[in-house]
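What follows is a single structure, written as structure tokens, with notes after it.
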Amino acid sequence: MTRNAFRSDSRLWRAPLIAGIGSALLFAACATTSPEPTLAIRSAEQAIAAADQARVADAASPDLNEAREKLTAAQRAVKNDDMVEGERLARESRAAAELASAKIEAAKERAVNDDIKRSTVTLAQEMQRNSTSGVK
Amino acid sequence: MSAILPLHRTTILAASVSFALFAGCSNAPTKPDGAESVRNKLAQLQSNRDLATRAPLALRDAEGAVRAAEQPQDEIALGQHLVFLADRKVDKARALAESQLAVEQRKDLNEQREAMRLQARTKEADSSNRRGVGTINAHE
């Protein structure tokens, strides 16, 4: 009777023990630090380099500045072992740099069109001047 | 007095349960701040006739990012991160579409300029022809 009681007792506490060990293992797995976001940081660096190359000298690009700031913050977070924040900031940096590139490109394309429009207007003005100044 | 005590206990219990339920509801994940404004920005781009079809890949990418940003998150920082990404991707799609529009408009602009050049040359040729005829007539 005592033996049986002991057996059923041991069965009773075995289940919580297993559950406890399982939970501890799960917790340990969750607590493990995320890997360093090397790829995200490299992608951000490349996107910044591309935007910097596309940029017209001396032209301000707030998005590119933001990308640089985010990249610096990402590198700082990684140094402080905050890999999740580091990865997020690196991704934000890349998104800002890609936006900067797209805006720079759009500005360049608009500038080419503006040049064409200006030269067309100049031609029209010259024609007008010639016809009114007696060149017949 | 002893009749009042159980009543008190029931009230306290009910209040505690209500409070716990309320606390649970108030901590429920909600749509991140700014997600709605990014959705509106995307909708504006999608309804712009000049731009909506000019950067399909970037627009699809932006749509996916906005959808991700709209998901309720337990972690506020994650929600803000996704909203940031979505916002920049919508702006990027707009900029790329504007680039493409400018490239497509260039053909017409070049044609207008060429037409103007041709007109100027024709006028110049006409006037020099007229000058030539005038000189011949003067000699005769």
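Naming scheme: A, B, ... for chains in displayed order of the structure tokens; residues 1 onward per chain; ligands 1 onward as shown.
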
Expected answer as a short mmCIF file (atom, residue, chain, number, x, y, z; two decimals) with C-alpha atoms, in the first residue's frame: helix (DSSP H, G or I) residues in stretch 1-132 of chain B:
```cif
data_model
loop_
_atom_site.label_atom_id
_atom_site.label_comp_id
_atom_site.auth_asym_id
_atom_site.auth_seq_id
_atom_site.Cartn_x
_atom_site.Cartn_y
_atom_site.Cartn_z
CA ILE B 4 -23.12 41.81 4.55
CA LEU B 5 -19.68 40.18 4.49
CA PRO B 6 -20.42 37.60 1.73
CA LEU B 7 -22.00 40.37 -0.31
CA HIS B 8 -18.84 42.44 0.04
CA ARG B 9 -16.75 39.49 -0.95
CA THR B 10 -18.86 38.91 -4.08
CA THR B 11 -18.64 42.57 -5.05
CA ILE B 12 -14.89 42.61 -4.59
CA LEU B 13 -14.56 39.42 -6.60
CA ALA B 14 -16.73 40.79 -9.40
CA ALA B 15 -14.78 44.04 -9.42
CA SER B 16 -11.49 42.17 -9.54
CA VAL B 17 -12.65 40.02 -12.43
CA SER B 18 -13.90 43.10 -14.30
CA PHE B 19 -10.61 44.90 -13.68
CA ALA B 20 -8.61 41.89 -14.85
CA LEU B 21 -10.75 41.62 -17.98
CA PHE B 22 -10.40 45.33 -18.65
CA ALA B 23 -6.65 45.16 -18.14
CA GLY B 24 -6.50 42.23 -20.52
CA CYS B 25 -8.45 44.13 -23.15
CA SER B 26 -6.42 47.30 -22.80
CA ALA B 35 -0.28 52.71 -40.00
CA GLU B 36 -3.45 54.40 -41.13
CA SER B 37 -1.64 57.44 -42.46
CA VAL B 38 0.73 55.22 -44.47
CA ARG B 39 -2.27 53.35 -45.87
CA ASN B 40 -3.78 56.69 -46.96
CA LYS B 41 -0.51 57.72 -48.58
CA LEU B 42 -0.43 54.44 -50.51
CA ALA B 43 -4.09 54.82 -51.54
CA GLN B 44 -3.32 58.31 -52.90
CA LEU B 45 -0.47 56.92 -54.98
CA GLN B 46 -2.61 54.05 -56.24
CA PRO B 56 4.62 48.21 -60.36
CA LEU B 57 7.31 46.28 -58.47
CA ALA B 58 7.99 49.04 -55.96
CA LEU B 59 4.27 49.56 -55.51
CA ARG B 60 3.74 45.87 -54.80
CA ASP B 61 6.59 45.94 -52.30
CA ALA B 62 5.05 49.01 -50.64
CA GLU B 63 1.63 47.35 -50.49
CA GLY B 64 3.16 44.34 -48.70
CA ALA B 65 5.00 46.60 -46.27
CA VAL B 66 1.82 48.55 -45.49
CA ARG B 67 -0.08 45.33 -44.87
CA ALA B 68 2.64 44.18 -42.48
CA ALA B 69 2.58 47.56 -40.72
CA GLU B 70 -1.16 47.31 -40.19
CA ILE B 76 5.16 48.90 -29.79
CA ALA B 77 8.72 49.27 -31.11
CA LEU B 78 8.14 46.53 -33.70
CA GLY B 79 4.98 48.26 -34.87
CA GLN B 80 6.84 51.56 -35.24
CA HIS B 81 9.64 49.84 -37.13
CA LEU B 82 7.19 48.31 -39.61
CA VAL B 83 5.39 51.64 -40.06
CA PHE B 84 8.74 53.33 -40.77
CA LEU B 85 9.64 50.74 -43.42
CA ALA B 86 6.19 50.98 -45.03
CA ASP B 87 6.31 54.78 -45.11
CA ARG B 88 9.71 54.85 -46.84
CA LYS B 89 8.67 52.16 -49.31
CA VAL B 90 5.55 54.08 -50.32
CA ASP B 91 7.65 57.22 -50.83
CA LYS B 92 10.20 55.22 -52.81
CA ALA B 93 7.45 53.81 -55.07
CA ARG B 94 6.21 57.36 -55.69
CA ALA B 95 9.70 58.65 -56.53
CA LEU B 96 10.35 55.76 -58.93
CA ALA B 97 6.98 56.33 -60.63
CA GLU B 98 7.77 60.05 -60.96
CA SER B 99 11.13 59.15 -62.54
CA GLN B 100 9.45 56.89 -65.05
CA LEU B 101 6.83 59.53 -65.82
CA ALA B 102 9.58 62.10 -66.49
CA VAL B 103 11.36 59.67 -68.83
CA GLU B 104 8.13 59.04 -70.74
CA GLN B 105 7.31 62.75 -70.97
CA ARG B 106 10.76 63.43 -72.44
CA LYS B 107 9.82 62.02 -75.85
CA ASP B 108 7.07 64.64 -76.27
CA LEU B 109 9.29 67.41 -74.95
CA ASN B 110 12.05 66.51 -77.43
CA GLU B 111 9.53 66.43 -80.26
CA GLN B 112 8.26 69.88 -79.28
CA ARG B 113 11.81 71.23 -79.23
CA GLU B 114 12.64 69.65 -82.59
CA ALA B 115 9.47 71.11 -84.09
CA MET B 116 10.46 74.52 -82.77
CA ARG B 117 13.99 74.16 -84.23
CA LEU B 118 12.57 73.16 -87.59
CA GLN B 119 10.23 76.12 -87.54
CA ALA B 120 13.13 78.46 -86.73
CA ARG B 121 15.28 77.05 -89.55
CA THR B 122 12.41 77.24 -92.05
CA LYS B 123 11.79 80.88 -91.12
CA GLU B 124 15.47 81.67 -91.45
CA ALA B 125 15.66 79.95 -94.84
CA ASP B 126 12.52 81.78 -96.02
CA SER B 127 13.88 85.14 -94.97
CA SER B 128 17.27 84.55 -96.63
CA ASN B 129 15.48 83.45 -99.81
CA ARG B 130 13.42 86.62 -99.72
CA ARG B 131 16.58 88.68 -99.19
CA GLY B 132 18.19 86.93 -102.20
#
```

Checklist entry - Taking only C-alpha atoms into account, what are the residues of chain A at most 7 Å from chain B, put as a PyMOL selection string? => result chain A and resi 88+92+95-96+99+102-103+105-106+109-110+113+116-117+120+123-124+127+135-136

Dump all heavy atoms for the selected residues as a compact mmCIF listing (two decimals), in the first residue's frame?
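Saved the output as result_9.txt:
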```txt
# COMPACT_ATOMS: atom_id res chain seq x y z
N ARG A 88 16.87 45.99 -36.81
CA ARG A 88 15.78 46.90 -37.20
C ARG A 88 16.33 48.21 -37.73
O ARG A 88 15.91 48.72 -38.77
CB ARG A 88 14.87 47.18 -36.00
CG ARG A 88 13.92 46.04 -35.73
CD ARG A 88 13.03 46.33 -34.55
NE ARG A 88 12.35 45.12 -34.13
CZ ARG A 88 11.71 44.97 -32.99
NH1 ARG A 88 11.67 45.98 -32.13
NH2 ARG A 88 11.11 43.85 -32.69
N GLU A 92 16.00 49.90 -41.42
CA GLU A 92 15.46 51.27 -41.60
C GLU A 92 16.46 52.11 -42.38
O GLU A 92 16.08 52.92 -43.23
CB GLU A 92 15.15 51.89 -40.23
CG GLU A 92 13.93 51.25 -39.57
CD GLU A 92 13.62 51.81 -38.20
OE1 GLU A 92 14.24 52.80 -37.78
OE2 GLU A 92 12.75 51.22 -37.52
N ALA A 95 16.20 51.22 -46.00
CA ALA A 95 14.97 51.77 -46.60
C ALA A 95 15.13 53.26 -46.87
O ALA A 95 14.72 53.76 -47.93
CB ALA A 95 13.79 51.51 -45.69
N ALA A 96 15.74 53.98 -45.93
CA ALA A 96 15.93 55.42 -46.10
C ALA A 96 16.91 55.70 -47.23
O ALA A 96 16.72 56.64 -48.02
CB ALA A 96 16.42 56.04 -44.79
N LEU A 99 15.25 55.10 -50.55
CA LEU A 99 14.35 56.22 -50.84
C LEU A 99 15.17 57.41 -51.35
O LEU A 99 14.78 58.08 -52.32
CB LEU A 99 13.55 56.61 -49.59
CG LEU A 99 12.76 57.90 -49.68
CD1 LEU A 99 11.73 57.84 -50.81
CD2 LEU A 99 12.05 58.19 -48.36
N ALA A 102 16.07 56.87 -54.93
CA ALA A 102 14.91 57.03 -55.81
C ALA A 102 14.58 58.51 -56.00
O ALA A 102 14.27 58.96 -57.11
CB ALA A 102 13.71 56.28 -55.25
N LYS A 103 14.67 59.29 -54.90
CA LYS A 103 14.37 60.73 -55.01
C LYS A 103 15.43 61.45 -55.83
O LYS A 103 15.10 62.34 -56.61
CB LYS A 103 14.29 61.34 -53.60
CG LYS A 103 12.97 61.10 -52.90
CD LYS A 103 12.93 61.88 -51.61
CE LYS A 103 11.60 61.73 -50.90
NZ LYS A 103 11.61 62.39 -49.58
N GLU A 105 17.24 60.17 -58.22
CA GLU A 105 17.02 59.80 -59.61
C GLU A 105 15.86 60.60 -60.20
O GLU A 105 15.95 61.12 -61.31
CB GLU A 105 16.72 58.29 -59.67
CG GLU A 105 17.20 57.61 -60.92
CD GLU A 105 18.67 57.86 -61.22
OE1 GLU A 105 19.53 57.66 -60.34
OE2 GLU A 105 18.93 58.30 -62.36
N ALA A 106 14.77 60.70 -59.45
CA ALA A 106 13.59 61.44 -59.93
C ALA A 106 13.95 62.91 -60.16
O ALA A 106 13.53 63.51 -61.16
CB ALA A 106 12.45 61.32 -58.93
N GLU A 109 15.92 63.21 -63.42
CA GLU A 109 15.06 63.08 -64.61
C GLU A 109 14.24 64.34 -64.83
O GLU A 109 14.08 64.80 -65.96
CB GLU A 109 14.12 61.87 -64.47
CG GLU A 109 14.80 60.52 -64.30
CD GLU A 109 15.59 60.06 -65.51
OE1 GLU A 109 15.62 60.78 -66.51
OE2 GLU A 109 16.19 58.98 -65.44
N ARG A 110 13.75 64.91 -63.75
CA ARG A 110 12.96 66.16 -63.87
C ARG A 110 13.85 67.29 -64.38
O ARG A 110 13.42 68.12 -65.18
CB ARG A 110 12.36 66.54 -62.52
CG ARG A 110 11.01 65.87 -62.26
CD ARG A 110 10.28 66.55 -61.11
NE ARG A 110 11.03 66.46 -59.88
CZ ARG A 110 10.87 65.48 -58.99
NH1 ARG A 110 9.99 64.52 -59.20
NH2 ARG A 110 11.58 65.45 -57.87
N ASN A 113 14.27 67.16 -68.11
CA ASN A 113 13.05 67.68 -68.76
C ASN A 113 12.99 69.20 -68.67
O ASN A 113 12.60 69.87 -69.63
CB ASN A 113 11.81 67.07 -68.14
CG ASN A 113 11.63 65.62 -68.55
OD1 ASN A 113 12.51 65.04 -69.17
ND2 ASN A 113 10.51 65.04 -68.20
N ILE A 116 15.16 70.75 -71.30
CA ILE A 116 14.55 70.69 -72.64
C ILE A 116 13.48 71.77 -72.76
O ILE A 116 13.42 72.49 -73.76
CB ILE A 116 13.94 69.30 -72.91
CG1 ILE A 116 15.05 68.23 -72.86
CG2 ILE A 116 13.24 69.26 -74.26
CD1 ILE A 116 14.54 66.80 -72.91
N LYS A 117 12.66 71.90 -71.73
CA LYS A 117 11.59 72.92 -71.75
C LYS A 117 12.19 74.30 -71.89
O LYS A 117 11.72 75.13 -72.66
CB LYS A 117 10.77 72.85 -70.46
CG LYS A 117 9.75 71.72 -70.42
CD LYS A 117 9.00 71.78 -69.11
CE LYS A 117 8.36 70.47 -68.76
NZ LYS A 117 7.92 70.36 -67.38
N THR A 120 13.46 74.97 -75.37
CA THR A 120 12.34 75.17 -76.30
C THR A 120 11.81 76.60 -76.16
O THR A 120 11.54 77.28 -77.16
CB THR A 120 11.21 74.15 -76.02
OG1 THR A 120 11.76 72.85 -75.98
CG2 THR A 120 10.13 74.21 -77.07
N LEU A 123 14.23 79.03 -77.80
CA LEU A 123 14.08 79.01 -79.26
C LEU A 123 12.86 79.83 -79.68
O LEU A 123 12.93 80.63 -80.63
CB LEU A 123 13.88 77.57 -79.73
CG LEU A 123 15.12 76.79 -80.14
CD1 LEU A 123 14.75 75.34 -80.40
CD2 LEU A 123 15.73 77.39 -81.40
N ALA A 124 11.76 79.63 -78.98
CA ALA A 124 10.52 80.35 -79.31
C ALA A 124 10.72 81.85 -79.13
O ALA A 124 10.27 82.65 -79.96
CB ALA A 124 9.39 79.86 -78.42
N MET A 127 12.83 83.23 -82.02
CA MET A 127 12.02 83.33 -83.24
C MET A 127 11.14 84.57 -83.19
O MET A 127 11.02 85.31 -84.15
CB MET A 127 11.13 82.09 -83.38
CG MET A 127 11.76 81.02 -84.22
SD MET A 127 10.80 79.53 -84.18
CE MET A 127 9.26 80.09 -84.83
N VAL A 135 13.85 90.97 -89.18
CA VAL A 135 14.48 89.92 -89.97
C VAL A 135 13.37 89.21 -90.70
O VAL A 135 12.60 88.47 -90.13
CB VAL A 135 15.27 88.93 -89.08
CG1 VAL A 135 15.94 87.88 -89.91
CG2 VAL A 135 16.25 89.68 -88.22
N LYS A 136 13.26 89.47 -92.00
CA LYS A 136 12.13 88.92 -92.76
C LYS A 136 12.62 87.93 -93.79
O LYS A 136 13.69 88.02 -94.30
CB LYS A 136 11.37 90.05 -93.43
CG LYS A 136 10.59 90.84 -92.42
CD LYS A 136 10.01 92.08 -93.06
CE LYS A 136 9.46 93.02 -92.01
NZ LYS A 136 9.21 94.34 -92.52
```

Checklist entry - So how far away is atom CA of B:Glu75 from atom CA of A:Asp82, in Å? => result 15.6 Å

Checklist entry - Any idea what the distance is between atom CA of A:Gln75 and atom CA of A:Ala54? => result 24.1 Å

Item to check | For A:Glu85, the nearest of the candidates A:Ala51, A:Ala59, A:Ala97, A:Leu71, counting only C-alpha atoms | outcome: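 Of the candidates, the smallest distance to A:Glu85 is held by A:Leu71.
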
Item to check | Atomic separation - atom CA of A:Ala100 relative to atom CA of A:Asp63, Å | outcome: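 Those two atoms sit 5.1 Å apart.
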